[in-house]
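In what follows, a single structure is set out as structure tokens and then discussed.
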Amino acid sequence: MSSRPPTSALSNTLRLGAALGAVVWPLWWVLGGVHGGMLGEIGFALAGALAVVAPLALMLAREPDRDGRDSRAWAWAAGSWVASAPLGLLALLGEPGALSVGLALPWLGTTLLAGAFGVRRLGRRPHLQLDALCVDLGLIYLPVGGIWLVASRAGQPLLGFAEPWTSLTAAHFHFAGLGVPLLAGLVGRALVRLRDEKGEMPFGLERTWRVSAWAAVLGPPLTALGIATVSVVEMAGALIMLAGAVGTAGFMLVLAVSSDLPSRARAVFAVAGAVPVGTSALALLWALSQFFGADPFPSLGSMVRYHGVVNAVVFIAAGLTGFALSGVQPTGHVPGIPFSRLRAGASVGRWFFRSHGLVDETSTAPVGLVDDAAVFSREGVPGLHDLDPVDLHPLVRRFYEETAAFELAVIPRWPMPASLVAPMVRAAARSIGQLELPTDPLLDRGMEGELVPLHDAPDGRVDVRGWIRLHRGTERPVFVSAYSHHRHGGVPYVNIAMPLPGSNLTSILRVDPGTLGGIVFTTRRRRGFAGDAGIFWVTPVGELRLPMHETLILGPAAGRDGELAARHQIHVLGLLALELTYLVTPRDAD
């Protein structure tokens with residue numbers, strides 16, 4: 001479990017704001033903020049979303065990087081809440097109209113910033129991490145609630161829905177959309193405390209939690225889609241959403257009685273976890289009556305008060321308060337991968353590094369991708385095998401330390417269905433002068449190129465060197481790559497950036513020992529270890545993890561003394577898209 005990140009002025013402001021909101025929220029009811037019957041009760045719930053749930057959510061979703069720095073999206077969202085929440089409360093007090101819309105628009109801005117932070121969190125994570133994904137999607141759903149809140153304050157229908165449905169939809173995405181997925185993710189964080197010495201949870205708790213967590217993130221959008229389309233989808237969405245809420249609540253009860261969390265947090269979980277059992281029964285009856293075309297039962301007013309408001313106060317707001325009191329911290333990957341800042345204009349091409357002044361002309365050209373294969377060493381990392389460069393085959397080690405001394409012959413294989421698009425991919429790549437991957441196993445037989453020293457400062461990484469690989473006998477590049485390496489948690493990674501128009505494609509490969517003195521570079525996650533490995537599209541506004549993986553295995557060539565063989569596989573959406581088989585031969589071989 002990671003240590004507690006340092007607090008910031010903004011996180012303290014959110015904490016204080018949520019405490020103040022917890023005082024304002026009941027006063028809202030006592031002093032007449034609830035008026036107009038059902039719409040007033042929906043407004044009361046929304047007031048709590050703005051004053052209590054949102055600051056708690058932002059505080060608990062905070063994810064500083066390895067240097068303790070917060071992302072700008074989080075800082076902007078948290079900072080804007082200070083002004084937008086009071087204005088939003090005033091909008092809820094007023095009658096629908098232009099003034100209320102004007103007061104609600106800053107809140108819409110805050111929800112959009114929170115959604116951008118959710119996208120940012122999601123994009124920079126190398127691998128699927130379900131507890132974090134729940135938090136990401138909760139934040140991403142929130143702007144939908146902001147849009148419908150503005151529509152309700154305008155007093156105008158949206159997508160054919162008028163009041164009370166505009167206000168109900170706003171509340172749905174502030175609580176079921178933001179709150180339930182967020183709680184499910186926080187539960188996943190806390191359940192780590194229940195693992196035994198083997199790292200397993202008792203009674204299959206982890207598998208059951210994963211089911212409820214997926215239900216928590218899929219239920220809200222499915223329910224909203226069903227309301228807008230057909231009753232079958234609405235019914236399915238409602239059942240899935242109920243399963244997510246009840247499952248999350250059940251695990252809060254487990255934490256209340258079985259964990260070592262602070263007693264005040266466990267007391268809150270005991271109350272908050274018990275509520276959805278009864279309130280969800282009402283929701284089930286409502287969904288069944290709607291599905292079979294019967295008169296609504298219970299009535300819509302009863303649903304708002306005894307399902308919506310009670311869940312808002314006692315389940316969502318109280319549950320988030322419990323986690324704020326618990327001190328549970330995020331687990332797994334900590335953001336902060338060093339990404340290259342390199343990006344191209346309309347094209348890349350053979351001379352990209354020199355035309356952009358990136359080559360360090362004062363340095364001699366490097367002879368290898370690394371100066372010493374010792375940078376790949378690894379020892380004592382839980383879940384991973386040790387890697388001692390002394391154990392590498394001499395020719396494998398020499399290849400990485402003296403890359404320029406080797407020739408590469410390559411045979412490509414594009415399996416179905418990737419082979420159908422391979423010619424189009426190659427044509428597009430040729431037009432930008434980058435990633436023109438070989439497609440013909442008979443003609444694309446080799447590569448040639450050079451290594452060049454690059455300035456570290458424009459790139460933003462350390463020990464950067466360029467490797468330009470061309471189709472043999474041409475000026476057409478297969479890869480124009482800027483190689484670097486970094487280490488985190490005792491694990492070495494090869495960090496490769498390939499410039500693209502306005503961006504770059506970055507592959508972060510974990511280094512593992514292979515067989516017979518070979519070596520493996522992979523972006524695939526290893527069970528029990530969540531590291532930096534992954535493939536990212538790096539843009540000026542942030543990184544986006546791509547649904548791709550690559551693995552390169554290099555070792556002595558079978559039956560060919562003095563030569564190396566490599567197999568490089570690229571998977572897209574879990575399917576093998578390309579396999580490159582290399583024969584690597586020293587230039588000084590007889």
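Convention: chains lettered A, B, ... in structure tokens order; per-chain residue numbering from 1; ligands numbered from 1 as shown.
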Practice item. Write out as number ranges by chain which residues come within 10 Å of Arg15 of chain A when counting only C-alpha atoms, dropping same-chain ones fewer than 5 positions away. Key: A: 9-10, 20-21, 52, 55-56, 58-60, 321, 324
Exercise for review: Excluding segment 72-86 of chain A and any residue of its chain fewer than 6 positions from it, enumerate the residues within 9 Å of it, using only C-alpha atoms, and give them as number ranges by chain.
Suggested key: A: 10-11, 13-14, 17, 47, 50-51, 54-55, 58-59, 61-63, 103-118, 120
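Considering the residues A:Val217, A:Leu578, A:Ile240, A:Leu546 and counting only C-alpha atoms, Ala422 of chain A has its shortest atom-to-atom contact with A:Leu578.
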Check your understanding: Taking the backbone alone, and naming residues the way the document does, which bits of segment 272-449 of chain A are strand (DSSP E or B) by DSSP, as a ChimeraX atom specification?
Key -> /A:344,359,378,387,406-413,446-449
Exercise for review: Would you mind listing what lies within 8 Å of segment 382-385 of chain A as a PyMOL selection string, with only C-alpha atoms counted and same-chain residues fewer than 2 positions away left out?
Suggested key: chain A and resi 378-380+387+512-513+526-529
Kindly export the residues of the current selection with N, CA and C atoms, as an mmCIF file, in the first residue's frame.
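Everything below was put into result-v7.cif:
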```
data_model
loop_
_atom_site.group_PDB
_atom_site.id
_atom_site.type_symbol
_atom_site.label_atom_id
_atom_site.label_comp_id
_atom_site.auth_asym_id
_atom_site.auth_seq_id
_atom_site.Cartn_x
_atom_site.Cartn_y
_atom_site.Cartn_z
ATOM 1 N N ARG A 378 18.074 -5.895 -12.150
ATOM 2 C CA ARG A 378 16.914 -5.856 -11.245
ATOM 3 C C ARG A 378 17.094 -6.930 -10.188
ATOM 4 N N GLU A 379 16.775 -6.575 -8.951
ATOM 5 C CA GLU A 379 16.961 -7.535 -7.867
ATOM 6 C C GLU A 379 15.951 -7.250 -6.761
ATOM 7 N N GLY A 380 15.334 -8.318 -6.268
ATOM 8 C CA GLY A 380 14.493 -8.221 -5.083
ATOM 9 C C GLY A 380 13.186 -7.486 -5.266
ATOM 10 N N LEU A 387 17.150 -9.911 -12.533
ATOM 11 C CA LEU A 387 17.845 -9.853 -13.821
ATOM 12 C C LEU A 387 19.267 -9.365 -13.559
ATOM 13 N N ASP A 512 12.789 -8.027 -18.792
ATOM 14 C CA ASP A 512 12.747 -9.292 -18.063
ATOM 15 C C ASP A 512 13.833 -10.227 -18.587
ATOM 16 N N PRO A 513 14.286 -11.157 -17.757
ATOM 17 C CA PRO A 513 15.240 -12.152 -18.251
ATOM 18 C C PRO A 513 14.554 -13.163 -19.157
ATOM 19 N N ARG A 526 2.469 -8.074 -15.603
ATOM 20 C CA ARG A 526 2.702 -9.367 -14.985
ATOM 21 C C ARG A 526 1.774 -9.507 -13.789
ATOM 22 N N ARG A 527 1.160 -10.654 -13.636
ATOM 23 C CA ARG A 527 0.222 -10.861 -12.537
ATOM 24 C C ARG A 527 0.916 -10.579 -11.201
ATOM 25 N N GLY A 528 0.275 -9.742 -10.395
ATOM 26 C CA GLY A 528 0.828 -9.399 -9.094
ATOM 27 C C GLY A 528 1.785 -8.228 -9.126
ATOM 28 N N PHE A 529 2.000 -7.652 -10.327
ATOM 29 C CA PHE A 529 2.899 -6.494 -10.417
ATOM 30 C C PHE A 529 2.318 -5.477 -11.394
#
```
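Minimum atom-to-atom distances from A:Ala404, A:Arg587, A:Pro298, A:Ala49 to Leu320 of chain A were compared using only C-alpha atoms, and the lowest value belongs to A:Ala49.
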Check your understanding: Could you write out, as an NGL selection string, all the residues of segment 257-374 of chain A that DSSP marks as alpha helix (DSSP H)?
Key -> :A and (257-258 or 263-291 or 300-302 or 310 or 318-326 or 352-355)
Selection: 8 Å around Phe251 of chain A, only C-alpha atoms, excl. self and same-chain fewer than 2 positions, as an mmCIF file with C-alpha atoms, in the first residue's frame:
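Now in result-v3.cif:
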```cif
data_model
loop_
_atom_site.group_PDB
_atom_site.id
_atom_site.type_symbol
_atom_site.label_atom_id
_atom_site.label_comp_id
_atom_site.auth_asym_id
_atom_site.auth_seq_id
_atom_site.Cartn_x
_atom_site.Cartn_y
_atom_site.Cartn_z
ATOM 1 C CA VAL A 187 -13.929 -0.035 -1.347
ATOM 2 C CA TRP A 209 -16.097 -7.096 -5.417
ATOM 3 C CA GLY A 247 -22.750 -4.882 -3.593
ATOM 4 C CA THR A 248 -20.748 -1.773 -2.736
ATOM 5 C CA ALA A 249 -22.826 -1.250 0.396
ATOM 6 C CA LEU A 253 -20.389 -3.545 5.964
ATOM 7 C CA VAL A 254 -17.522 -6.016 5.556
ATOM 8 C CA LEU A 255 -15.053 -3.176 6.158
ATOM 9 C CA GLY A 273 -23.762 0.187 4.203
#
```
Practice item. Using only C-alpha atoms, determine which residues lie at most 6 Å from segment 301-318 of chain A, disregarding the query and same-chain residues fewer than 2 positions distant; provide the list as a ChimeraX atom specification. Key: /A:38,45,53,179,272,279,299,320-321
Selection export as a CSV table (one decimal), in the first residue's frame, atoms kept: all heavy atoms:
```
chain,number,residue,atom,x,y,z
A,38,MET,N,-41.9,17.8,-4.6
A,38,MET,CA,-40.9,16.9,-5.1
A,38,MET,C,-39.7,17.6,-5.7
A,38,MET,O,-38.5,17.2,-5.4
A,38,MET,CB,-41.5,16.0,-6.1
A,38,MET,CG,-40.6,14.9,-6.7
A,38,MET,SD,-41.4,13.8,-7.8
A,38,MET,CE,-42.1,14.8,-9.0
A,45,ALA,N,-31.3,17.4,-2.6
A,45,ALA,CA,-30.3,16.4,-2.9
A,45,ALA,C,-29.2,17.0,-3.7
A,45,ALA,O,-28.0,16.8,-3.4
A,45,ALA,CB,-30.9,15.2,-3.6
A,53,VAL,N,-20.8,16.2,-1.5
A,53,VAL,CA,-20.3,15.1,-2.3
A,53,VAL,C,-19.2,15.5,-3.2
A,53,VAL,O,-18.2,14.8,-3.3
A,53,VAL,CB,-21.5,14.5,-3.1
A,53,VAL,CG1,-21.0,13.4,-4.1
A,53,VAL,CG2,-22.5,13.8,-2.1
A,179,GLY,N,-21.2,9.2,-7.4
A,179,GLY,CA,-21.0,8.6,-6.0
A,179,GLY,C,-20.8,7.1,-5.9
A,179,GLY,O,-19.9,6.6,-5.3
A,272,ALA,N,-23.9,3.5,6.8
A,272,ALA,CA,-24.1,3.8,5.3
A,272,ALA,C,-24.3,2.5,4.5
A,272,ALA,O,-25.1,2.5,3.6
A,272,ALA,CB,-22.9,4.5,4.8
A,279,THR,N,-33.6,0.8,0.4
A,279,THR,CA,-33.9,1.8,-0.7
A,279,THR,C,-33.8,1.2,-2.0
A,279,THR,O,-34.6,1.6,-2.9
A,279,THR,CB,-32.9,3.0,-0.6
A,279,THR,OG1,-31.6,2.5,-0.8
A,279,THR,CG2,-33.0,3.7,0.7
A,299,SER,N,-44.9,5.6,-5.6
A,299,SER,CA,-45.1,6.8,-6.4
A,299,SER,C,-43.7,7.5,-6.6
A,299,SER,O,-42.8,7.3,-5.9
A,299,SER,CB,-46.0,7.8,-5.7
A,299,SER,OG,-45.4,8.3,-4.5
A,320,LEU,N,-18.8,8.5,1.6
A,320,LEU,CA,-17.6,9.3,1.2
A,320,LEU,C,-16.9,9.9,2.4
A,320,LEU,O,-15.7,9.9,2.5
A,320,LEU,CB,-17.9,10.3,0.2
A,320,LEU,CG,-18.4,9.8,-1.2
A,320,LEU,CD1,-18.8,11.0,-2.1
A,320,LEU,CD2,-17.3,9.0,-1.9
A,321,THR,N,-17.8,10.3,3.4
A,321,THR,CA,-17.2,10.8,4.6
A,321,THR,C,-16.4,9.8,5.4
A,321,THR,O,-15.3,10.0,5.9
A,321,THR,CB,-18.3,11.4,5.5
A,321,THR,OG1,-19.0,12.4,4.8
A,321,THR,CG2,-17.8,11.9,6.8
```
**Study point:** Nearest residue to Val246 of chain A from the set A:Leu369, A:Ala184, A:Leu261, A:Leu451 (distances using only C-alpha atoms)
**Key:** A:Ala184
**Study point:** All residues 9 Å or closer to segment 335-347 of chain A, only C-alpha atoms, same chain fewer than 5 positions away omitted, as JSON, numbers by chain
**Key:** {"A": [63, 64, 65, 66, 67, 121, 124, 125, 352, 356, 431, 432, 433, 434, 458, 459, 460, 461, 482, 486, 488, 495, 496, 497, 498, 499, 500, 501, 502, 503, 504, 506, 508, 532, 538, 539, 540, 543]}
Exercise for review: Quick one: pull the distance between atom CA of Gly449 of chain A and atom CA of Arg397 of chain A, Å, one decimal.
Suggested key: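 For atom CA of Gly449 of chain A relative to atom CA of Arg397 of chain A, the distance reads 19.8 Å.
Minimum atom-to-atom distances from A:Glu436, A:Glu163, A:Asp131, A:Asp391 to Leu516 of chain A were compared using only C-alpha atoms, and the lowest value belongs to A:Asp391.
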**Study point:** Shell around segment 564-572 of chain A at 7 Å using only C-alpha atoms, local window under 6 positions removed, as a list in words
**Key:**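 Near neighbours after the sequence-gap exclusion: Pro547, Met548, His549, Glu550, Thr551, Leu552, Ile553, Leu554, Gly555, Pro556, Ala557, Leu578, Glu579, Leu580, Thr581, Tyr582, Leu583, Val584 and Thr585 of chain A.
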Go ahead and dump the residues you just picked, N, CA and C atoms, as a PDB file, in the first residue's frame.
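Saved the output as again_4.pdb:
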```pdb
ATOM      1  N   PRO A 547      -4.981   0.625 -26.497  1.00  0.00           N
ATOM      2  CA  PRO A 547      -5.278  -0.808 -26.300  1.00  0.00           C
ATOM      3  C   PRO A 547      -4.337  -1.679 -27.123  1.00  0.00           C
ATOM      4  N   MET A 548      -3.050  -1.518 -26.891  1.00  0.00           N
ATOM      5  CA  MET A 548      -2.022  -2.221 -27.644  1.00  0.00           C
ATOM      6  C   MET A 548      -0.987  -2.780 -26.674  1.00  0.00           C
ATOM      7  N   HIS A 549      -0.297  -3.825 -27.126  1.00  0.00           N
ATOM      8  CA  HIS A 549       0.823  -4.370 -26.376  1.00  0.00           C
ATOM      9  C   HIS A 549       1.874  -4.844 -27.357  1.00  0.00           C
ATOM     10  N   GLU A 550       3.121  -4.808 -26.926  1.00  0.00           N
ATOM     11  CA  GLU A 550       4.193  -5.377 -27.744  1.00  0.00           C
ATOM     12  C   GLU A 550       5.161  -6.129 -26.854  1.00  0.00           C
ATOM     13  N   THR A 551       5.743  -7.160 -27.424  1.00  0.00           N
ATOM     14  CA  THR A 551       6.746  -7.966 -26.735  1.00  0.00           C
ATOM     15  C   THR A 551       7.854  -8.303 -27.717  1.00  0.00           C
ATOM     16  N   LEU A 552       9.090  -8.090 -27.299  1.00  0.00           N
ATOM     17  CA  LEU A 552      10.245  -8.437 -28.124  1.00  0.00           C
ATOM     18  C   LEU A 552      11.127  -9.384 -27.321  1.00  0.00           C
ATOM     19  N   ILE A 553      11.401 -10.541 -27.898  1.00  0.00           N
ATOM     20  CA  ILE A 553      12.241 -11.555 -27.263  1.00  0.00           C
ATOM     21  C   ILE A 553      13.491 -11.720 -28.115  1.00  0.00           C
ATOM     22  N   LEU A 554      14.650 -11.509 -27.492  1.00  0.00           N
ATOM     23  CA  LEU A 554      15.928 -11.589 -28.201  1.00  0.00           C
ATOM     24  C   LEU A 554      16.813 -12.622 -27.521  1.00  0.00           C
ATOM     25  N   GLY A 555      17.408 -13.506 -28.327  1.00  0.00           N
ATOM     26  CA  GLY A 555      18.307 -14.515 -27.778  1.00  0.00           C
ATOM     27  C   GLY A 555      19.142 -15.147 -28.869  1.00  0.00           C
ATOM     28  N   PRO A 556      19.976 -16.091 -28.508  1.00  0.00           N
ATOM     29  CA  PRO A 556      20.805 -16.766 -29.514  1.00  0.00           C
ATOM     30  C   PRO A 556      19.944 -17.477 -30.552  1.00  0.00           C
ATOM     31  N   ALA A 557      20.326 -17.363 -31.817  1.00  0.00           N
ATOM     32  CA  ALA A 557      19.584 -18.017 -32.895  1.00  0.00           C
ATOM     33  C   ALA A 557      19.837 -19.515 -32.860  1.00  0.00           C
ATOM     34  N   LEU A 578       0.741  -7.927 -35.798  1.00  0.00           N
ATOM     35  CA  LEU A 578       1.972  -7.980 -36.582  1.00  0.00           C
ATOM     36  C   LEU A 578       3.018  -8.773 -35.814  1.00  0.00           C
ATOM     37  N   GLU A 579       3.746  -9.608 -36.541  1.00  0.00           N
ATOM     38  CA  GLU A 579       4.891 -10.312 -35.966  1.00  0.00           C
ATOM     39  C   GLU A 579       6.086 -10.097 -36.877  1.00  0.00           C
ATOM     40  N   LEU A 580       7.160  -9.563 -36.306  1.00  0.00           N
ATOM     41  CA  LEU A 580       8.402  -9.355 -37.035  1.00  0.00           C
ATOM     42  C   LEU A 580       9.437 -10.333 -36.496  1.00  0.00           C
ATOM     43  N   THR A 581      10.018 -11.120 -37.390  1.00  0.00           N
ATOM     44  CA  THR A 581      11.076 -12.053 -37.008  1.00  0.00           C
ATOM     45  C   THR A 581      12.400 -11.501 -37.534  1.00  0.00           C
ATOM     46  N   TYR A 582      13.339 -11.254 -36.622  1.00  0.00           N
ATOM     47  CA  TYR A 582      14.619 -10.654 -36.983  1.00  0.00           C
ATOM     48  C   TYR A 582      15.725 -11.698 -36.906  1.00  0.00           C
ATOM     49  N   LEU A 583      16.663 -11.596 -37.821  1.00  0.00           N
ATOM     50  CA  LEU A 583      17.944 -12.275 -37.715  1.00  0.00           C
ATOM     51  C   LEU A 583      18.992 -11.177 -37.549  1.00  0.00           C
ATOM     52  N   VAL A 584      19.693 -11.216 -36.430  1.00  0.00           N
ATOM     53  CA  VAL A 584      20.625 -10.149 -36.053  1.00  0.00           C
ATOM     54  C   VAL A 584      22.037 -10.705 -36.149  1.00  0.00           C
ATOM     55  N   THR A 585      22.832 -10.100 -37.046  1.00  0.00           N
ATOM     56  CA  THR A 585      24.153 -10.643 -37.355  1.00  0.00           C
ATOM     57  C   THR A 585      25.230  -9.594 -37.121  1.00  0.00           C
TER      58      THR A 585
END
```
Review point. Which residue, A:Glu563, A:Asp456, A:Asp372, A:Glu407, has the smallest gap to Val359 of chain A when you use only C-alpha atoms?
Key: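 Using only C-alpha atoms, Val359 of chain A sits closest to A:Asp456.
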Check your understanding: Could you state the separation of atom CA of Leu358 of chain A and atom CA of Ala427 of chain A in Å, given to one decimal place?
Key ->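 Atom CA of Ala427 of chain A lies at a distance of 27.1 Å from atom CA of Leu358 of chain A.
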**Study point:** Proximity to Gly237 of chain A - best of A:Phe269, A:Ala287, A:Pro143, A:Arg524, only C-alpha atoms
**Key:** A:Ala287
